[in-house]
Protein chains: 2
Amino acid sequence: MKKATRQHTHNHNTQLVLKTIYDQPSISRADIARLTRLTRPTVSAIVAELMQEKLVLETGLGPSAGGKPPMLLNIDADAHRLLCVDLGSQEFRGALLNLQGEITRRAHFPTGDRRGEAALQLVYELLDELVLDGPGPVLGIGIGAPGLINPEEGLIHRAVNLGWEELPLGEQLEERYQLPVYVTNDSHLAALGEYTYGEGRAGDNLIVIRIGQGIGAGIVLGGQLYHGDGFTAGEIGHVVVSDQGERCRCGNLGCLETVAGTRALLAAARAAGVAEDWPALVEAVAAGDERARNIVAEAGCYLGVVIANLIGAFSIYHIILSGRVDQLGDVFLQAAYAEAMRRALPAMVSRTTLEYSRLGRDIVILGASALILQQELGII
Amino acid sequence: MKKATRQHTHNHNTQLVLKTIYDQPSISRADIARLTRLTRPTVSAIVAELMQEKLVLETGLGPSAGGKPPMLLNIDADAHRLLCVDLGSQEFRGALLNLQGEITRRAHFPTGDRRGEAALQLVYELLDELVLDGPGPVLGIGIGAPGLINPEEGLIHRAVNLGWEELPLGEQLEERYQLPVYVTNDSHLAALGEYTYGEGRAGDNLIVIRIGQGIGAGIVLGGQLYHGDGFTAGEIGHVVVSDQGERCRCGNLGCLETVAGTRALLAAARAAGVAEDWPALVEAVAAGDERARNIVAEAGCYLGVVIANLIGAFSIYHIILSGRVDQLGDVFLQAAYAEAMRRALPAMVSRTTLEYSRLGRDIVILGASALILQQELGII
């Protein structure tokens, strides 16, 4: 995979100048020289290169500091595209983004019951539709997928819901599209997305918990995605939280997914005669239905058990929840927080913020775009 | 604290050469040049400097590769001392070590009921006794202490058992001894000790769980100590594992310490009439006493609950237990492992090794020595 990167910014100084312009929009060459401690001629030469590559552009004159007013530089955000895909088990979501992480075009394909080769064909269809859309060349393809993935090799070891085993997705897409391809676990990408475009900047460390039918966490440590041995960090969906729980697809009893995932919530709501589908459950909770709120609070408590353990182990002060559970509002969030408070050192929990992501359903796509920017341009 | 370091190896190349000699004992100047890609004259000049600083010495001629036999270089391990202290709540243990981490002298002071200022005086007495012991200058002082510590400032925010609050221990010791001082949480140092001198080299990531009256974990990620926000990573002793647990000193009910710490184990053994003190409990377990083994296995199960969470969250394949629980043998270890297997993704747990440290009671002291070597010489 690494060989395929085009290394736009193979030179350390080039990368430094580009990152400076990215982090500080509308900056002059003189200010870049001051900040980077590079000489003025070096900065000018690098900027000329970056303009030729259409990564940077001049956007007008800034205020004069006495002499000639300086020309201001910005990232040429719209001259390149990032092609990002979130391979959810029910829907494949794709988007083209500019270099600022703004989505310029979308495509959604429901997966239906496609698995294995058919699911792979659907990935091709989605990418085919987006890759040809202009203007400007595509800098890279970023893919978030569920399951056990080796991001260094772009290899999907196992994605149960998509029926993939040992699928060299990165390699196949690179051959087909002749572009750098990055494939990473979707929860991990969600954490990078939140860190880059959401609440992450408050600190260097961040945990994002993605809650759908399955539950997984992504962890950013010191500004970098943490993968763990075997790339399976954040596999909290299969930590047991209920001694009376039911059998999970992993073989154990009472995993977090079986009591706090959306499928489990809905099953509990149906069994109690509270709601037949997700929107009805959301509505019942919002309307203050006591039984609905109790079901949601109980699921929140179970999540709180794992959050207590995450706080104790990682000591990370920012934890973000992502997924349509955000429609359940404070009932879910507060139950989780209160249970964490009962189950980890109160002094540590009280320093921790637990909130919903504001990035909505694009969080994995945004994370994929951040990964491309980081790997291809070094600017995240 | 950082200003106090003497920066023996402030130069990047000097550090590189020293680390090469440390990692590859009995190496020639020519081989250093080959490995580091530095020129022969540069290597010779740096080696001359390092010899003058008594960090490196010539130890004889190696086999000839045709021409003149090369002079072999090694770390001058005994020309400097590392002064390391483990401030346990019942005993302060101090040692002088050489640059290879070999202990050359020890001093143990029982703390009795000394707290606050009296405990600080005892630290001075311990250091006074060791610091004057020759031969060779002391490179630095490393301190492991229980509690909440800011290692960057050498500041002990709170060490309940020693009665210290907001104690700038690092600063005070630097003034008194005019030496670089490093103060870090004892469980964190245990992890660095294990990583450097024990089982750590098997991978880049490692978790060490220290079990005494209290329980805490140290975590090494990518070869570096991980501290977390607020430096409180690994505070697993106060994660709740038992819903029927008793009140912990932290205020919550059923924390891991209250059911799996040595005090809890002993209390259970006494209540059951199995053993009155620790040696008797160890003996009963070794003799196969069923009630003793059940008490130990139950404690192991509770530890397994937290280990399952650690595996799910960190995905680290090497977990080491440290403390006198190692005298309880396989009963404790296997109960913990079996419970972890029931409570985390079996595929992940089966890849994980759980074992006792072989470093014994010196693990924190060894970790402190590794920290000094890392910070002062850059060779760990």
# chains A, B, ... in the order shown; residues from 1 in each chain; ligands from 1
$ interface_residues --of "chain B" --to "chain A" --cutoff "8 Å" --atoms "only C-alpha atoms" --output "PDB file with N, CA, C and O atoms, in the first residue's frame"
ATOM      1  N   ASN B 205       3.966  -3.328  22.704  1.00  0.00           N
ATOM      2  CA  ASN B 205       2.921  -2.977  23.670  1.00  0.00           C
ATOM      3  C   ASN B 205       2.903  -3.970  24.824  1.00  0.00           C
ATOM      4  O   ASN B 205       3.149  -5.162  24.629  1.00  0.00           O
ATOM      5  N   ALA B 217      -2.368  -0.485  36.973  1.00  0.00           N
ATOM      6  CA  ALA B 217      -1.706  -1.006  35.780  1.00  0.00           C
ATOM      7  C   ALA B 217      -0.792   0.042  35.176  1.00  0.00           C
ATOM      8  O   ALA B 217      -1.035   1.240  35.283  1.00  0.00           O
ATOM      9  N   HIS B 227       0.687   7.579  29.701  1.00  0.00           N
ATOM     10  CA  HIS B 227       0.215   8.142  30.964  1.00  0.00           C
ATOM     11  C   HIS B 227      -1.261   8.515  30.955  1.00  0.00           C
ATOM     12  O   HIS B 227      -1.891   8.545  32.002  1.00  0.00           O
ATOM     13  N   GLY B 228      -1.809   8.836  29.798  1.00  0.00           N
ATOM     14  CA  GLY B 228      -3.210   9.254  29.721  1.00  0.00           C
ATOM     15  C   GLY B 228      -3.401  10.693  30.162  1.00  0.00           C
ATOM     16  O   GLY B 228      -2.489  11.328  30.699  1.00  0.00           O
ATOM     17  N   ASP B 229      -4.607  11.206  29.919  1.00  0.00           N
ATOM     18  CA  ASP B 229      -4.944  12.553  30.379  1.00  0.00           C
ATOM     19  C   ASP B 229      -4.815  12.587  31.898  1.00  0.00           C
ATOM     20  O   ASP B 229      -5.298  11.697  32.601  1.00  0.00           O
ATOM     21  N   GLY B 230      -4.162  13.600  32.416  1.00  0.00           N
ATOM     22  CA  GLY B 230      -4.024  13.715  33.868  1.00  0.00           C
ATOM     23  C   GLY B 230      -3.085  12.675  34.462  1.00  0.00           C
ATOM     24  O   GLY B 230      -3.019  12.525  35.674  1.00  0.00           O
ATOM     25  N   PHE B 231      -2.378  11.935  33.628  1.00  0.00           N
ATOM     26  CA  PHE B 231      -1.377  10.949  34.068  1.00  0.00           C
ATOM     27  C   PHE B 231      -1.973   9.805  34.890  1.00  0.00           C
ATOM     28  O   PHE B 231      -1.277   9.184  35.684  1.00  0.00           O
ATOM     29  N   THR B 232      -3.268   9.518  34.717  1.00  0.00           N
ATOM     30  CA  THR B 232      -3.905   8.510  35.558  1.00  0.00           C
ATOM     31  C   THR B 232      -4.263   7.230  34.800  1.00  0.00           C
ATOM     32  O   THR B 232      -5.138   6.480  35.232  1.00  0.00           O
ATOM     33  N   ALA B 233      -3.606   6.972  33.690  1.00  0.00           N
ATOM     34  CA  ALA B 233      -3.881   5.722  32.966  1.00  0.00           C
ATOM     35  C   ALA B 233      -3.640   4.519  33.870  1.00  0.00           C
ATOM     36  O   ALA B 233      -2.773   4.550  34.738  1.00  0.00           O
ATOM     37  N   GLY B 234      -4.434   3.469  33.665  1.00  0.00           N
ATOM     38  CA  GLY B 234      -4.229   2.226  34.402  1.00  0.00           C
ATOM     39  C   GLY B 234      -4.813   2.221  35.802  1.00  0.00           C
ATOM     40  O   GLY B 234      -4.486   1.349  36.607  1.00  0.00           O
ATOM     41  N   GLU B 235      -5.719   3.147  36.099  1.00  0.00           N
ATOM     42  CA  GLU B 235      -6.337   3.197  37.441  1.00  0.00           C
ATOM     43  C   GLU B 235      -7.453   2.151  37.545  1.00  0.00           C
ATOM     44  O   GLU B 235      -8.618   2.467  37.781  1.00  0.00           O
ATOM     45  N   ILE B 236      -7.070   0.907  37.382  1.00  0.00           N
ATOM     46  CA  ILE B 236      -8.083  -0.151  37.318  1.00  0.00           C
ATOM     47  C   ILE B 236      -8.493  -0.665  38.690  1.00  0.00           C
ATOM     48  O   ILE B 236      -9.477  -1.386  38.809  1.00  0.00           O
ATOM     49  N   HIS B 238      -9.877   0.861  40.949  1.00  0.00           N
ATOM     50  CA  HIS B 238     -11.149   1.446  41.361  1.00  0.00           C
ATOM     51  C   HIS B 238     -12.220   1.314  40.295  1.00  0.00           C
ATOM     52  O   HIS B 238     -13.142   2.114  40.215  1.00  0.00           O
ATOM     53  N   VAL B 239     -12.076   0.301  39.451  1.00  0.00           N
ATOM     54  CA  VAL B 239     -13.173  -0.052  38.560  1.00  0.00           C
ATOM     55  C   VAL B 239     -14.021  -1.097  39.293  1.00  0.00           C
ATOM     56  O   VAL B 239     -13.481  -2.032  39.887  1.00  0.00           O
ATOM     57  N   VAL B 240     -15.326  -0.893  39.270  1.00  0.00           N
ATOM     58  CA  VAL B 240     -16.228  -1.773  40.011  1.00  0.00           C
ATOM     59  C   VAL B 240     -16.414  -3.100  39.268  1.00  0.00           C
ATOM     60  O   VAL B 240     -16.674  -3.116  38.061  1.00  0.00           O
ATOM     61  N   VAL B 241     -16.252  -4.189  39.992  1.00  0.00           N
ATOM     62  CA  VAL B 241     -16.413  -5.508  39.379  1.00  0.00           C
ATOM     63  C   VAL B 241     -17.437  -6.367  40.105  1.00  0.00           C
ATOM     64  O   VAL B 241     -17.825  -7.428  39.613  1.00  0.00           O
ATOM     65  N   CYS B 250     -12.513   4.811  47.905  1.00  0.00           N
ATOM     66  CA  CYS B 250     -12.810   5.836  46.898  1.00  0.00           C
ATOM     67  C   CYS B 250     -14.275   6.269  46.957  1.00  0.00           C
ATOM     68  O   CYS B 250     -14.668   7.234  46.315  1.00  0.00           O
ATOM     69  N   ASN B 252     -16.944   4.318  46.057  1.00  0.00           N
ATOM     70  CA  ASN B 252     -17.815   3.396  45.331  1.00  0.00           C
ATOM     71  C   ASN B 252     -17.887   2.033  46.027  1.00  0.00           C
ATOM     72  O   ASN B 252     -17.158   1.777  46.990  1.00  0.00           O
ATOM     73  N   LEU B 253     -18.743   1.181  45.494  1.00  0.00           N
ATOM     74  CA  LEU B 253     -18.935  -0.158  46.064  1.00  0.00           C
ATOM     75  C   LEU B 253     -18.375  -1.217  45.132  1.00  0.00           C
ATOM     76  O   LEU B 253     -18.648  -1.200  43.935  1.00  0.00           O
ATOM     77  N   CYS B 255     -15.176  -2.093  44.179  1.00  0.00           N
ATOM     78  CA  CYS B 255     -14.019  -1.872  43.311  1.00  0.00           C
ATOM     79  C   CYS B 255     -13.130  -3.120  43.286  1.00  0.00           C
ATOM     80  O   CYS B 255     -13.122  -3.905  44.234  1.00  0.00           O
ATOM     81  N   VAL B 306     -11.747  -7.346  34.718  1.00  0.00           N
ATOM     82  CA  VAL B 306     -11.038  -6.142  34.274  1.00  0.00           C
ATOM     83  C   VAL B 306     -10.085  -6.469  33.133  1.00  0.00           C
ATOM     84  O   VAL B 306      -9.928  -5.685  32.189  1.00  0.00           O
ATOM     85  N   ALA B 308     -10.537  -8.656  30.838  1.00  0.00           N
ATOM     86  CA  ALA B 308     -11.361  -8.739  29.628  1.00  0.00           C
ATOM     87  C   ALA B 308     -11.573  -7.349  29.036  1.00  0.00           C
ATOM     88  O   ALA B 308     -11.466  -7.141  27.824  1.00  0.00           O
ATOM     89  N   ASN B 309     -11.856  -6.400  29.903  1.00  0.00           N
ATOM     90  CA  ASN B 309     -12.040  -5.024  29.432  1.00  0.00           C
ATOM     91  C   ASN B 309     -10.745  -4.443  28.870  1.00  0.00           C
ATOM     92  O   ASN B 309     -10.768  -3.718  27.876  1.00  0.00           O
ATOM     93  N   LEU B 310      -9.625  -4.745  29.523  1.00  0.00           N
ATOM     94  CA  LEU B 310      -8.335  -4.246  29.017  1.00  0.00           C
ATOM     95  C   LEU B 310      -8.036  -4.821  27.641  1.00  0.00           C
ATOM     96  O   LEU B 310      -7.582  -4.111  26.743  1.00  0.00           O
ATOM     97  N   GLY B 312     -10.223  -5.966  25.424  1.00  0.00           N
ATOM     98  CA  GLY B 312     -11.143  -5.385  24.455  1.00  0.00           C
ATOM     99  C   GLY B 312     -10.756  -3.967  24.080  1.00  0.00           C
ATOM    100  O   GLY B 312     -10.819  -3.583  22.909  1.00  0.00           O
ATOM    101  N   ALA B 313     -10.328  -3.193  25.050  1.00  0.00           N
ATOM    102  CA  ALA B 313     -10.036  -1.787  24.804  1.00  0.00           C
ATOM    103  C   ALA B 313      -8.679  -1.586  24.126  1.00  0.00           C
ATOM    104  O   ALA B 313      -8.574  -0.933  23.103  1.00  0.00           O
ATOM    105  N   PHE B 314      -7.644  -2.169  24.703  1.00  0.00           N
ATOM    106  CA  PHE B 314      -6.284  -1.912  24.213  1.00  0.00           C
ATOM    107  C   PHE B 314      -5.839  -2.874  23.120  1.00  0.00           C
ATOM    108  O   PHE B 314      -4.962  -2.544  22.342  1.00  0.00           O
ATOM    109  N   SER B 315      -6.408  -4.085  23.130  1.00  0.00           N
ATOM    110  CA  SER B 315      -5.912  -5.109  22.228  1.00  0.00           C
ATOM    111  C   SER B 315      -4.398  -5.242  22.351  1.00  0.00           C
ATOM    112  O   SER B 315      -3.653  -5.037  21.393  1.00  0.00           O
ATOM    113  N   ILE B 316      -3.964  -5.562  23.558  1.00  0.00           N
ATOM    114  CA  ILE B 316      -2.537  -5.790  23.815  1.00  0.00           C
ATOM    115  C   ILE B 316      -2.363  -7.255  24.173  1.00  0.00           C
ATOM    116  O   ILE B 316      -3.086  -7.781  25.014  1.00  0.00           O
ATOM    117  N   TYR B 317      -1.410  -7.907  23.507  1.00  0.00           N
ATOM    118  CA  TYR B 317      -1.284  -9.360  23.626  1.00  0.00           C
ATOM    119  C   TYR B 317      -0.452  -9.825  24.818  1.00  0.00           C
ATOM    120  O   TYR B 317      -0.397 -11.019  25.097  1.00  0.00           O
ATOM    121  N   ARG B 342     -14.222 -15.769  28.997  1.00  0.00           N
ATOM    122  CA  ARG B 342     -15.688 -15.721  28.981  1.00  0.00           C
ATOM    123  C   ARG B 342     -16.226 -14.322  28.730  1.00  0.00           C
ATOM    124  O   ARG B 342     -17.409 -14.147  28.455  1.00  0.00           O
ATOM    125  N   ARG B 343     -15.348 -13.311  28.870  1.00  0.00           N
ATOM    126  CA  ARG B 343     -15.841 -11.949  28.906  1.00  0.00           C
ATOM    127  C   ARG B 343     -15.246 -11.017  27.851  1.00  0.00           C
ATOM    128  O   ARG B 343     -15.487  -9.814  27.870  1.00  0.00           O
ATOM    129  N   ALA B 344     -14.416 -11.541  26.976  1.00  0.00           N
ATOM    130  CA  ALA B 344     -13.939 -10.730  25.850  1.00  0.00           C
ATOM    131  C   ALA B 344     -13.908 -11.636  24.628  1.00  0.00           C
ATOM    132  O   ALA B 344     -14.062 -12.857  24.749  1.00  0.00           O
ATOM    133  N   LEU B 345     -13.725 -11.048  23.468  1.00  0.00           N
ATOM    134  CA  LEU B 345     -13.743 -11.816  22.228  1.00  0.00           C
ATOM    135  C   LEU B 345     -12.738 -12.966  22.331  1.00  0.00           C
ATOM    136  O   LEU B 345     -11.530 -12.736  22.439  1.00  0.00           O
ATOM    137  N   PRO B 346     -13.210 -14.220  22.317  1.00  0.00           N
ATOM    138  CA  PRO B 346     -12.301 -15.352  22.527  1.00  0.00           C
ATOM    139  C   PRO B 346     -11.092 -15.327  21.581  1.00  0.00           C
ATOM    140  O   PRO B 346      -9.983 -15.673  21.987  1.00  0.00           O
TER     141      PRO B 346
END
$ residues_around --residues "Glu339 (chain A)" --least-positions-apart "3" --cutoff "6 Å" --atoms "only C-alpha atoms" --output "count of residues only"
4
$ residues_around --residues "Thr184 (chain A)" --least-positions-apart "2" --cutoff "8 Å" --atoms "only C-alpha atoms" --output "VMD selection string"
chain A and resid 143 to 145 149 to 151 154 182 186 188 to 189
$ residues_around --residues "Asn294 (chain A)" --least-positions-apart "6" --cutoff "10 Å" --atoms "only C-alpha atoms" --output "JSON, numbers by chain"
{"A": [269, 285, 300, 331, 332, 335]}
$ select_by_dssp --residues "region 154-186 of chain B" --states "strand (DSSP E)" --output "ChimeraX atom specification"
/B:155-159,164-167,181-185
$ write_last_selection --atoms "C-alpha atoms" --output "compact mmCIF listing (two decimals), in the first residue's frame"
# COMPACT_ATOMS: atom_id res chain seq x y z
CA LEU B 155 4.86 16.63 41.47
CA ILE B 156 2.95 14.24 43.71
CA HIS B 157 -0.64 15.46 43.60
CA ARG B 158 -1.85 12.89 46.07
CA ALA B 159 -0.37 9.79 47.67
CA TRP B 164 1.30 13.63 50.70
CA GLU B 165 -0.65 16.25 48.80
CA GLU B 166 0.77 18.56 46.14
CA LEU B 167 4.31 17.65 47.17
CA VAL B 181 15.27 13.52 39.44
CA TYR B 182 12.40 11.59 37.85
CA VAL B 183 9.25 10.86 39.84
CA THR B 184 6.60 8.61 38.32
CA ASN B 185 3.68 6.45 39.40
$ residues_around --residues "region 265-268 of chain A" --least-positions-apart "6" --cutoff "12 Å" --atoms "only C-alpha atoms" --output "MDAnalysis selection string"
chainID A and resid 211:214 256:259 274:282 285 291:300 302 324:325 328 332
$ residues_around --residues "region 44-47 of chain B" --least-positions-apart "5" --cutoff "8 Å" --atoms "only C-alpha atoms" --output "list in words"
Asn13, Thr14, Val17, Arg29 and Val56 of chain B
$ atom_distance --atom1 "CA of Gly170 (chain A)" --atom2 "CA of Gln100 (chain A)"
24.0 Å
$ atom_distance --atom1 "CA of Ala77 (chain B)" --atom2 "CA of Leu55 (chain B)"
7.2 Å
$ atom_distance --atom1 "CA of Ser350 (chain B)" --atom2 "CA of Leu162 (chain A)"
24.6 Å
$ select_by_dssp --residues "region 118-276 of chain A" --states "helix (DSSP H, G or I)" --output "count of residues only"
63
